[in-house]
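Here is the structure we will look at, set down as C-alpha cells.
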Amino acid sequence: MVPFRLRHPSPRGVLLAVFLAGAALGIGAVALETVKDHDETVDRASLAAENTVRLLEEHALRALDASDLLIQRVAERIREQGLARFAVSRQEWDRLRRGVDMLPQVGSLVVLDAGGRVLVSAVSFPPPTLSVPDREYFVAHRDRGEEVHLGAAVVSRILKSRSFTLSRRLTDAEGRFAGVVVAFLDISYFGAFYAGLDIGVPTTINMYRETGEVIARQPMLDTDVGLSIADGDLFRAHLPRTPNGTYIGPSPHDGVMRVLAYRRAAALPMVMTVGLDLDAVLADWRLRTLRNGGILLVGLFAFGGLTALGLRSIGREDAARRAAEEGAGFVRTVLDSMSAHIVILDADGAIIAANQAWHGFTGGGGLLGAVPPGGNYLAACDAAGQDADNPNADGARAAAAGIRAVLDGRRNEFLLPYASHAGVERRWYNLRVRRLAGDGPVRAVVSHESITNIILAEEAMRVSEGRYRLLAENATDMIARLDPELRFLYVSPAAQEILGYPPAELKGRVASLYCHPADLEGMVAALRSLRPGAERATIQYRARRGDGCFAWVEAAVRLVRDPAGVEADEFVMGLRDIEGRKRIEQELAHAREEAERANRAKSDFLAMMSHEIRTPMNGILGFADLLLDTPLGEEQRRHADNVRAAARALLTVINDVLDFSRLEVGRMVLRSAPFSPRDVASTCGAVLRDAAAAKGLALRITVAPDVPDRVLGDADRLRQVLLNLLGNAVKFTRQGGVALSVSSDSVGDTGGAFDDGAAAVLKFAVTDTGPGIAEEERPRLFQRFTQLGSAHPGTGLGLAISKQLVALMGGEIGVLSTPGVGSTFWFTVPLPAATAGAAAAGVAPDGPPRTTAPARILLAEDLPMNQELAATMLRRAGHTVDVVPDGAAAVAAVHDTVYDMILMDVRMPVMDGLAATVAIRALSGPAREVPIVAMTANAMPDEVAKCRDAGMDDVVVKPVEREALLDAVAQWTGRSRNAARGEGARG
C-alpha cells in the first residue's frame, strides 16, 4: 500500500489524517467487497433460477408434447373410423388405455361429442354418464374455434383430483365442430417432479397460462385452483417488456420477496416461473457481511485506540508514528487479503491506493502493462486505446469510457469482460468499476478478476465434445441421444444408412414412433427398467425405415443420470442393423427344427422297430421257455437251448442298438430311487457266476466297508454298465479269474445328475487276467461299433453305451491294462446317500413275500400267438385267465366280472390299451381300482410315461420273461394298488 501524499503541518494533523485515510480506505474496501458479494450472490441466484426455469420449461413442453401426440393419434383414429365406431370399440379403448399408461403425466383422456357428452374415457369402458358442455376448454373449441387449448387448474369431475387440460378440436368431413379430445394432466405428477428439485433454498415453481391463470404450482394449494395473477407485476410490467427475464419482487401468492425468473413458452400459451426466497439467498451473504464488519470494527477500534494514545501523548512523536504505521498496516492487510486486483482512483483517474494482488497483476500483464500506484490508470487506458499495434486497444478504449462514466456519476458500476494478449499465455478477466458513495472527494474502486480457468474449462469441454461428435459422425453404428420422453436430441449421420432418414428429420421426434407395434411394449419396458446399478440394456426390435419397410436393429442403450443420480437425464443409444444376423438366426432355427424333426422321425422309427422286433421275439423266447418245460429228448433240448440262447443274443443286440440310439438323441432318462450298491454288485455276480464257472474262472465280488448301505440313483443303468464290463471280462479271459471291487473314493458336493448336496463318489473296478490291451488300441475301446478282435461276436456298442451312461450319471470311465497280464476297467459315479425317508418312500422293505395264490386275470392282447403264450404261462402258474382281443372288450369284461388284475397290451385294434385304461379308471365302484399292468414291445421312455399317465400301475416290456411276468402278477394280485405301489413299480 502506497501512503497518500499529504503535508504534515503538525503531529496531531498527521495522526488525524492517517486515521481518517485508513478508516476511509478500510471502510471503502469492505463496502466495495460487501456490495460486490451481494450483487454476485443475487446474480448466482438469478442464474440458478434462470437455468431452473429453462429446465422446467423444457420438461413441461416435453410432457405436453407427448400428451399432445397421444391426443393427435386418438384424433387420427377417430377420423379414420368415425366417432361413433371409435366410441364403441373395446380394441380402440385398450389401445387408448395403453397410451395413457405409458404417459405418467396423463391422468386420463376423454373424447366428447359436439354436445359435450363423454363418449370415451380412459378411466373405464364403457365411460361414465357425464356431460360437460360448460367446461372452459369445451367452450373454447366450440365457440371460439380454437384448435389447441391449454386449460387452467381444475378439479376433474372424472378423476376427482386436481388437474389441468390439454385439448384439441374435432371436426367432421365438412369441417364442422364434432367434439373434443381432452387430456387431463395430473398436477401431482408435476408437483412430484418439482418437489424433487433441490436448488438449496426455499423455492416456488409456477406454471401459468399466458392470461395469468394458475395451471400448476409447487406447493399447490386448494386456493390456487381457479386463481389468476393477471394484475400482478409479472403480467403487467415484466412480460410486456421481454418474454424471458429475472427480477426481484414480492410473490403474488404469499407476498414473500423472491428472486423470480420467468419464461414465456414459444410453442404453447404458457409461462413458467421459479422464485427463490430472497432472505434464504442472502443468508450466507449476511453472515459474511457481519464477519467482515466485525473484523473492520475491531481494526478501527484498534486503530482509533492507537490514535487516541498518540493524541494524548502528542509529545511522544515516535509512539504516535508507530501507532499510525500499525493502523495503516492493518488496512493494508485487509486489502492485501483480498484475491481481487484492486486499486482506488481519484477523480482524475490516478491510482491513490492498490493492494498486493494489483502489483502481481500489472507485473504479469492484463488489459494494460504495469501501472504502478501513483500513475494515472485512466491516462494509461487512453494511451493503450490509441496504439494501433496494441492487441488490447479495443478493451482499453472500452475501459476508459466506463471509468469516466463512473467518475462522472453517469453510472454507479461498470463491468467489462476482456481477453488479455499480454505475455505468452492468453488470459481472460472481468474488469469491474464501482463508484464510492459519500460526501468526500470522488473516488472509484477498480478490480480485475481472472476468469481464465472458467474460459479454458469451457474451451476444453467444446474440444472434447467436438472429438466425441467426430467419432459419432464417422461411426458405422447410428449414435443417438434421447431425452426421458424418448425424443431424439442428437442423431448421427449413420441414421441415413441404417434407417433411411436424414438426421435432421429424426431430431425432435419420439423414437417409439419408429418401432414395430408388436415390439413397442418390450422396447419401452426395457428402457423404463433402467435404473442405478442397471444402467445398460441391449434391445432388439424391428425399426421402421424411410421406405416404409421394417428391419431388425439392435440398440445398446445406456442411462445417463443427473449429477445427483436421482432423475434420468437422457439415454445414449448405439443402433446397428442386424437384419443379416436375424436372417442367419432364422436359417439356423429352421435347420434346428429340421434336425429336431429328423430326431423325432428317428425316435419314431426306433419305437416302431422296437415294437416290430420285440413282438416276434416275445413269441420266440416265450415258446422256447415253454418248450424247455416239456419232456424233450437230449438233441431236442439242445436245439431248444440254442434257439433260446440265439434269441437272447439277438435281444441283447436289439437292446444295445436301442439304448445307443436313445443316448444319441438325448432321450435316455435316468431314474432316481434308493438302492443298495452291495445288492447290485451281488446280483451282477450271480448273473455271470455260471458263465465264469463254465470256463473254470474264479469270480470274486468285494465291497469296501465305507460304501453306503443305501444311495439314490438309477440301479438298472448301473447294473447294465457292470454287466457289460463283467460280461466282457468273462468273455475274453481264458484262465485265472475276474474280480469286481466297489469302494468309496471321496465325499463332497458334486455336479452329477443326482446332486443332492453331499454325495459318495463310488468307484467300481472290474479286473481280469485276460490277454490285456495294447496301448495303441485303447483309444478305440469306447468308440461305437468297434471291436478289437473278431473271436467274439457282438455289436461293438457295449463300451460306447457304458461310457455314455456313466457320463449321464455324472461320472468317468477308463481302463488300465498290461498286455499278457490283464486289464482293469473302472468307472466312478457320484451317488447321494439315501435318507431314511427316501428309502421308506421309494424301496420296499424286506417284508412279507408276494402272494402266490391263484388269481383271476384278464388278458387283453390282439395277437393270437401272444395270447397263447401269456395265457399258458399264467395257467401253468395256477391262475385263471380270460382273454379278450381289444380294449373295448376289456372294458366290457370289467363291467361283468371282478378281476384281481388286468394285463393290457398297448397297441390293439378297436380301442388301444391306453384308452381302455382311461375308460376303466373312469368307472365307479371297485372296478376302477383293479391293478392294470401294461405289456408293450415299445421300450422307449415316452411309451412308458404314456402308460403311467393313462393310469396303468406297472409296465412289463416284451419279450416277456416268464419270471418277470409271474413276478408282476405276484406283486399286483391279492393286495391293494396303494400297497403294491409302496413296494415300487417297474419300468
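Just so we're on the same page: first chain in the C-alpha cells is A, next is B, and so on; residues restart at 1 for each chain, and ligands are numbered from 1 in the order they show up.
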Q. Could you pull the residues within 7 Å of Pro819 (chain A), counting only C-alpha atoms, minus those fewer than 5 positions along the same chain, as a list of chain:residue names?
A. A:Pro771, A:Gly772, A:Ile773, A:Ala774
Would you export the selected residues with N, CA and C atoms as a PDB file, in the first residue's frame, please?
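Below is the file again-v5.pdb, written as the result:
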ATOM      1  N   PRO A 771      -5.955-111.338 -21.816  1.00  0.00           N
ATOM      2  CA  PRO A 771      -4.765-111.062 -22.654  1.00  0.00           C
ATOM      3  C   PRO A 771      -4.251-109.640 -22.531  1.00  0.00           C
ATOM      4  N   GLY A 772      -5.033-108.741 -21.979  1.00  0.00           N
ATOM      5  CA  GLY A 772      -4.610-107.347 -21.921  1.00  0.00           C
ATOM      6  C   GLY A 772      -4.845-106.629 -23.239  1.00  0.00           C
ATOM      7  N   ILE A 773      -4.655-105.297 -23.230  1.00  0.00           N
ATOM      8  CA  ILE A 773      -4.949-104.477 -24.417  1.00  0.00           C
ATOM      9  C   ILE A 773      -3.737-103.616 -24.695  1.00  0.00           C
ATOM     10  N   ALA A 774      -3.254-103.637 -25.938  1.00  0.00           N
ATOM     11  CA  ALA A 774      -2.098-102.817 -26.329  1.00  0.00           C
ATOM     12  C   ALA A 774      -2.451-101.335 -26.210  1.00  0.00           C
TER      13      ALA A 774
END
Q | Secondary structure check, strand (DSSP E) residues of region 548-596 of chain A, as a list of chain:residue names | A |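 Strand (DSSP E) assignments inside region 548-596 of chain A correspond to A:Phe550, A:Ala551, A:Trp552, A:Val553, A:Glu554, A:Ala555, A:Ala556, A:Val557, A:Arg558, A:Leu559, A:Val560, A:Arg561, A:Ala568, A:Asp569, A:Glu570, A:Phe571, A:Val572, A:Met573, A:Gly574, A:Leu575, A:Arg576, A:Asp577.
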Could you please take those selected residues and save N, CA and C atoms as a compact mmCIF listing (two decimals), in the first residue's frame?
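After the write, selection-v6.txt holds the following:
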# COMPACT_ATOMS: atom_id res chain seq x y z
N PHE A 550 -39.81 -52.62 -42.49
CA PHE A 550 -39.26 -52.81 -41.15
C PHE A 550 -38.00 -53.66 -41.26
N ALA A 551 -36.98 -53.29 -40.49
CA ALA A 551 -35.71 -54.02 -40.47
C ALA A 551 -35.30 -54.24 -39.02
N TRP A 552 -34.70 -55.40 -38.75
CA TRP A 552 -34.24 -55.72 -37.40
C TRP A 552 -33.03 -54.87 -37.05
N VAL A 553 -33.05 -54.26 -35.88
CA VAL A 553 -31.91 -53.48 -35.37
C VAL A 553 -31.64 -53.90 -33.94
N GLU A 554 -30.42 -53.62 -33.49
CA GLU A 554 -30.03 -53.88 -32.10
C GLU A 554 -29.56 -52.56 -31.50
N ALA A 555 -30.18 -52.18 -30.39
CA ALA A 555 -29.86 -50.92 -29.72
C ALA A 555 -29.17 -51.21 -28.40
N ALA A 556 -27.95 -50.70 -28.25
CA ALA A 556 -27.25 -50.74 -26.97
C ALA A 556 -27.50 -49.40 -26.29
N VAL A 557 -28.26 -49.41 -25.19
CA VAL A 557 -28.73 -48.18 -24.55
C VAL A 557 -28.08 -48.05 -23.18
N ARG A 558 -27.68 -46.83 -22.86
CA ARG A 558 -27.15 -46.54 -21.53
C ARG A 558 -27.90 -45.36 -20.96
N LEU A 559 -28.25 -45.47 -19.69
CA LEU A 559 -28.94 -44.40 -18.98
C LEU A 559 -27.90 -43.43 -18.41
N VAL A 560 -28.06 -42.15 -18.74
CA VAL A 560 -27.19 -41.11 -18.19
C VAL A 560 -28.03 -40.29 -17.23
N ARG A 561 -27.60 -40.22 -15.97
CA ARG A 561 -28.39 -39.57 -14.92
C ARG A 561 -27.82 -38.21 -14.60
N ALA A 568 -33.48 -39.31 -14.40
CA ALA A 568 -32.86 -39.67 -15.67
C ALA A 568 -32.65 -38.41 -16.48
N ASP A 569 -31.42 -38.18 -16.95
CA ASP A 569 -31.13 -37.01 -17.75
C ASP A 569 -31.40 -37.30 -19.21
N GLU A 570 -30.82 -38.40 -19.70
CA GLU A 570 -31.05 -38.77 -21.08
C GLU A 570 -30.58 -40.21 -21.30
N PHE A 571 -30.89 -40.73 -22.49
CA PHE A 571 -30.42 -42.04 -22.91
C PHE A 571 -29.43 -41.85 -24.06
N VAL A 572 -28.35 -42.64 -24.03
CA VAL A 572 -27.41 -42.68 -25.14
C VAL A 572 -27.55 -44.04 -25.81
N MET A 573 -27.75 -44.02 -27.13
CA MET A 573 -28.09 -45.25 -27.84
C MET A 573 -27.13 -45.45 -29.01
N GLY A 574 -26.64 -46.68 -29.13
CA GLY A 574 -25.90 -47.10 -30.32
C GLY A 574 -26.74 -48.12 -31.07
N LEU A 575 -27.09 -47.81 -32.32
CA LEU A 575 -28.04 -48.64 -33.09
C LEU A 575 -27.32 -49.23 -34.28
N ARG A 576 -27.47 -50.55 -34.47
CA ARG A 576 -26.86 -51.18 -35.62
C ARG A 576 -27.86 -52.09 -36.33
N ASP A 577 -27.64 -52.28 -37.62
CA ASP A 577 -28.50 -53.12 -38.45
C ASP A 577 -28.11 -54.58 -38.23
Q: Check the smallest atom-to-atom distance from each of A:Asp382, A:Asp101, A:Ala357, A:Tyr541 to Ser450 (chain A) using only C-alpha atoms, then report the winner.
A: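 Using only C-alpha atoms, Ser450 (chain A) sits closest to A:Ala357.
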Q | alpha helix (DSSP H) call set, DSSP backbone run, region 101-314 of chain A, as a PyMOL selection string | A | chain A and resi 101-102+136-143+187-195+233+278-281+283-312
Q) Of the candidates A:Cys947, A:Leu805, A:Ala890, A:Met873, which shows the shortest atom-to-atom distance to Leu914 (chain A), using only C-alpha atoms? A)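 Comparing A:Cys947, A:Leu805, A:Ala890, A:Met873 against Leu914 (chain A), the winner is A:Cys947.
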(Q) If we count only C-alpha atoms and set the cut-off at 10 Å, which residues sit around region 90-100 of chain A, ignoring sequence neighbours fewer than 3 positions away in its own chain? Please answer as a list in words. (A)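 In the requested format, the answer is Ser67, Leu70, Ile71, Arg73, Val74, Arg77, Ile78, Arg85, Phe86, Ala87, Leu103, Pro104, Gln105, Val106, Gly107, Ser108, Leu109, Val110, Val120, Ser121, Ala122, Val123, Ser124, Phe125, Pro126, Ala183 and Glu521 of chain A.
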Q | Close residues, Thr828 (chain A) itself excluded, 8 Å, only C-alpha atoms, min 4 positions apart in chain, as a list in words | A | Val761, Leu762, Lys763, Phe764, Val806, Gly811, Glu812 and Ile813 of chain A
Q: Choose the residue, out of A:Arg875, A:His253, A:Arg443, A:Arg644, that has the smallest atom-to-atom separation from Ala347 (chain A); count only C-alpha atoms.
A: A:Arg443
Q. Any idea what's packed within 8 Å of Leu416 (chain A), counting only C-alpha atoms, ignoring anything in its chain fewer than 2 positions away? Could you give it as a VMD selection string?
A. chain A and resid 398 to 399 414 418 430 to 432
Residue neighbourhood Asp629 (chain A), 12 Å, only C-alpha atoms, exclusion window fewer than 3 positions, as a compact mmCIF listing (two decimals) with N, CA, C and O atoms, in the first residue's frame:
# COMPACT_ATOMS: atom_id res chain seq x y z
N GLY A 622 -40.55 -116.85 -25.51
CA GLY A 622 -41.60 -117.41 -24.65
C GLY A 622 -41.85 -118.87 -24.94
O GLY A 622 -41.89 -119.72 -24.03
N PHE A 623 -42.03 -119.20 -26.24
CA PHE A 623 -42.33 -120.59 -26.58
C PHE A 623 -41.10 -121.48 -26.40
O PHE A 623 -41.22 -122.68 -26.15
N ALA A 624 -39.89 -120.89 -26.52
CA ALA A 624 -38.69 -121.68 -26.23
C ALA A 624 -38.68 -122.08 -24.77
O ALA A 624 -38.34 -123.23 -24.42
N ASP A 625 -39.05 -121.13 -23.88
CA ASP A 625 -39.11 -121.46 -22.45
C ASP A 625 -40.17 -122.51 -22.19
O ASP A 625 -39.96 -123.46 -21.40
N LEU A 626 -41.35 -122.35 -22.82
CA LEU A 626 -42.42 -123.34 -22.61
C LEU A 626 -41.99 -124.70 -23.15
O LEU A 626 -42.29 -125.74 -22.55
N LEU A 632 -38.40 -133.54 -23.33
CA LEU A 632 -37.71 -133.47 -24.61
C LEU A 632 -36.55 -134.45 -24.62
O LEU A 632 -35.95 -134.75 -23.58
N GLY A 633 -36.22 -134.88 -25.82
CA GLY A 633 -35.02 -135.69 -25.95
C GLY A 633 -33.79 -134.80 -25.83
O GLY A 633 -33.85 -133.58 -25.88
N ARG A 637 -33.67 -130.99 -26.73
CA ARG A 637 -33.42 -129.98 -25.68
C ARG A 637 -32.23 -129.09 -26.09
O ARG A 637 -32.23 -127.89 -25.86
N ALA A 640 -33.47 -126.62 -28.57
CA ALA A 640 -34.31 -125.58 -27.93
C ALA A 640 -33.44 -124.60 -27.16
O ALA A 640 -33.68 -123.38 -27.16
N ASP A 641 -32.41 -125.15 -26.46
CA ASP A 641 -31.50 -124.25 -25.73
C ASP A 641 -30.78 -123.31 -26.70
O ASP A 641 -30.58 -122.11 -26.41
N THR A 872 -50.74 -119.36 -21.34
CA THR A 872 -50.12 -120.63 -20.94
C THR A 872 -49.23 -120.43 -19.72
O THR A 872 -49.24 -121.22 -18.76
N MET A 873 -48.39 -119.38 -19.76
CA MET A 873 -47.51 -119.10 -18.61
C MET A 873 -48.32 -118.91 -17.34
O MET A 873 -47.97 -119.43 -16.27
N ARG A 876 -50.20 -122.26 -16.21
CA ARG A 876 -49.29 -123.22 -15.60
C ARG A 876 -48.92 -122.82 -14.18
O ARG A 876 -48.52 -123.66 -13.37
N ARG A 962 -40.82 -115.29 -18.38
CA ARG A 962 -41.83 -115.90 -17.51
C ARG A 962 -41.66 -115.42 -16.07
O ARG A 962 -42.65 -115.10 -15.40
